[in-house]
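Read through the structure below, which is laid out as C-alpha cells, and then see the notes.
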Amino acid sequence: LLLICKIKFFSKYQKNFLESYNVLRNSLKTKIGLKSGILSFIFWVIQGVAVYFVLLALEMNELNFLIATSANAISVLIGALSFVPGGLGVTEGSMGGLLALQGIEFSFALIAGVIIRIFTSWYTVIVGFIALKFSGGFSLNEEN
C-alpha cells in the first residue's frame, strides 16, 4: 500500500487507500468475518432456491436444484469478471448459454436468465441493506 502511494498519481488518494485498507482489515476480523461468511452462505442458498423455483414456474423441469444453482452462480461470476457494471447483459447471456447447454431452448433459457436476474438482483439489494444494518456498516461514517 505504501509503495502504491509513492507513485505520484496515486499519492493524492493515499487517505482513501488507507481508509479502505482499515475497513477491509476490520471486516476480516474473526467475528465480523464469520457473520459475513454465514450470511453469504445463507444468501447463496436462498438465491439458489429462488432460481430453481423461477425455472419450475417457467416449466423448465429438466434441471435439478444443483444444476440450476450452479448455472446461476457461474453466470454471476462471469458477469463480475466481465467488469461490465452489474454484469449487465453478460450475466443474463451466460445464464442463457448454460441453461441451453442443459437442453433448454436458447430463447427460453435467455428469458429465464433475464427473469432470474430481475428477481435476484433486487433480492441482493435488500439482503445487502440488512447485512449493513446488522454489521454496523451504516455507522462507519458516523464515527468520523
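A note on labels: chains of the C-alpha cells are A, B, ... as shown, every chain counts residues from 1, and ligands are counted from 1 in their shown order.
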Next item on the list: Show which residues sit within 9 Å of segment 28-42 of chain A, as a PyMOL selection string. Count only C-alpha atoms, and ignore same-chain residues fewer than 5 positions away.
Entry: chain A and resi 23+47+127+131+135
Writer output for current selection, C-alpha atoms, as a PDB file, in the first residue's frame:
```pdb
ATOM      1  CA  VAL A  23     -12.274  -1.035   6.703  1.00  0.00           C
ATOM      2  CA  GLN A  47     -30.864 -17.367  -4.184  1.00  0.00           C
ATOM      3  CA  VAL A 127     -30.081  -8.521   1.680  1.00  0.00           C
ATOM      4  CA  ALA A 131     -26.361  -7.079   6.249  1.00  0.00           C
ATOM      5  CA  SER A 135     -22.897  -5.494  10.748  1.00  0.00           C
TER       6      SER A 135
END
```
Check: If you run DSSP on this backbone, which residues of segment 20-64 of chain A come out as alpha helix (DSSP H), and could you give them as an NGL selection string?
Finding: :A and (20-27 or 30-57)
For the selection you just gave me, I'd like the residues written to a file as a PDB file, in the first residue's frame, keeping C-alpha atoms.
```pdb
ATOM      1  CA  SER A  20     -10.300   1.344   2.583  1.00  0.00           C
ATOM      2  CA  TYR A  21      -7.487  -0.761   3.988  1.00  0.00           C
ATOM      3  CA  ASN A  22      -8.666  -0.172   7.566  1.00  0.00           C
ATOM      4  CA  VAL A  23     -12.274  -1.035   6.703  1.00  0.00           C
ATOM      5  CA  LEU A  24     -11.140  -4.220   4.948  1.00  0.00           C
ATOM      6  CA  ARG A  25      -8.874  -5.200   7.845  1.00  0.00           C
ATOM      7  CA  ASN A  26     -11.686  -4.648  10.375  1.00  0.00           C
ATOM      8  CA  SER A  27     -14.130  -6.581   8.201  1.00  0.00           C
ATOM      9  CA  THR A  30     -12.993 -13.219  13.224  1.00  0.00           C
ATOM     10  CA  LYS A  31     -16.436 -12.190  14.499  1.00  0.00           C
ATOM     11  CA  ILE A  32     -17.344  -9.966  11.557  1.00  0.00           C
ATOM     12  CA  GLY A  33     -15.802 -12.360   9.035  1.00  0.00           C
ATOM     13  CA  LEU A  34     -17.738 -15.287  10.479  1.00  0.00           C
ATOM     14  CA  LYS A  35     -21.024 -13.361  10.379  1.00  0.00           C
ATOM     15  CA  SER A  36     -20.327 -12.299   6.804  1.00  0.00           C
ATOM     16  CA  GLY A  37     -19.498 -15.858   5.781  1.00  0.00           C
ATOM     17  CA  ILE A  38     -22.680 -17.238   7.323  1.00  0.00           C
ATOM     18  CA  LEU A  39     -24.794 -14.502   5.726  1.00  0.00           C
ATOM     19  CA  SER A  40     -23.146 -15.154   2.348  1.00  0.00           C
ATOM     20  CA  PHE A  41     -23.831 -18.880   2.560  1.00  0.00           C
ATOM     21  CA  ILE A  42     -27.472 -18.286   3.512  1.00  0.00           C
ATOM     22  CA  PHE A  43     -27.780 -15.770   0.676  1.00  0.00           C
ATOM     23  CA  TRP A  44     -26.460 -18.198  -1.953  1.00  0.00           C
ATOM     24  CA  VAL A  45     -28.743 -20.998  -0.735  1.00  0.00           C
ATOM     25  CA  ILE A  46     -31.827 -18.759  -0.794  1.00  0.00           C
ATOM     26  CA  GLN A  47     -30.864 -17.367  -4.184  1.00  0.00           C
ATOM     27  CA  GLY A  48     -30.407 -20.920  -5.469  1.00  0.00           C
ATOM     28  CA  VAL A  49     -33.883 -21.837  -4.241  1.00  0.00           C
ATOM     29  CA  ALA A  50     -35.294 -18.729  -5.938  1.00  0.00           C
ATOM     30  CA  VAL A  51     -33.591 -19.620  -9.227  1.00  0.00           C
ATOM     31  CA  TYR A  52     -34.894 -23.174  -9.039  1.00  0.00           C
ATOM     32  CA  PHE A  53     -38.455 -22.003  -8.341  1.00  0.00           C
ATOM     33  CA  VAL A  54     -38.346 -19.498 -11.214  1.00  0.00           C
ATOM     34  CA  LEU A  55     -37.251 -22.294 -13.540  1.00  0.00           C
ATOM     35  CA  LEU A  56     -40.046 -24.536 -12.237  1.00  0.00           C
ATOM     36  CA  ALA A  57     -42.570 -21.726 -12.704  1.00  0.00           C
TER      37      ALA A  57
END
```
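Atom CA of Val125 of chain A is positioned 19.1 Å from atom CA of Thr69 of chain A.
The gap separating atom CA of Ala109 of chain A from atom CA of Val84 of chain A is 21.2 Å, in Å to one decimal.
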Quick one: residues within 8 Å of segment 94-98 of chain A, only C-alpha atoms, excluding same-chain residues fewer than 4 positions away - as a tab-separated table (two decimals) with C-alpha atoms, in the first residue's frame?
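The result, written out as result_36.tsv:
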```tsv
chain	number	residue	atom	x	y	z
A	71	ALA	CA	-25.63	-22.24	-13.58
A	72	ASN	CA	-26.70	-19.16	-11.66
A	74	ILE	CA	-21.26	-19.42	-12.64
A	75	SER	CA	-23.15	-16.82	-14.68
A	78	ILE	CA	-18.79	-14.50	-15.40
A	79	GLY	CA	-20.74	-11.24	-15.20
A	90	VAL	CA	-23.16	-10.72	-19.69
A	102	GLN	CA	-28.61	-28.42	-20.41
A	106	PHE	CA	-31.90	-20.89	-26.04
A	107	SER	CA	-34.69	-18.29	-26.37
A	108	PHE	CA	-36.50	-19.71	-23.33
A	109	ALA	CA	-33.22	-20.01	-21.44
A	110	LEU	CA	-32.39	-16.37	-22.15
A	111	ILE	CA	-35.82	-15.21	-20.99
A	112	ALA	CA	-35.38	-17.28	-17.84
A	113	GLY	CA	-31.98	-15.65	-17.27
```
Next item on the list: Could you tell me how far atom CA of Ile104 of chain A lies from atom CA of Glu92 of chain A, in Å and to one decimal?
Entry: 14.6 Å
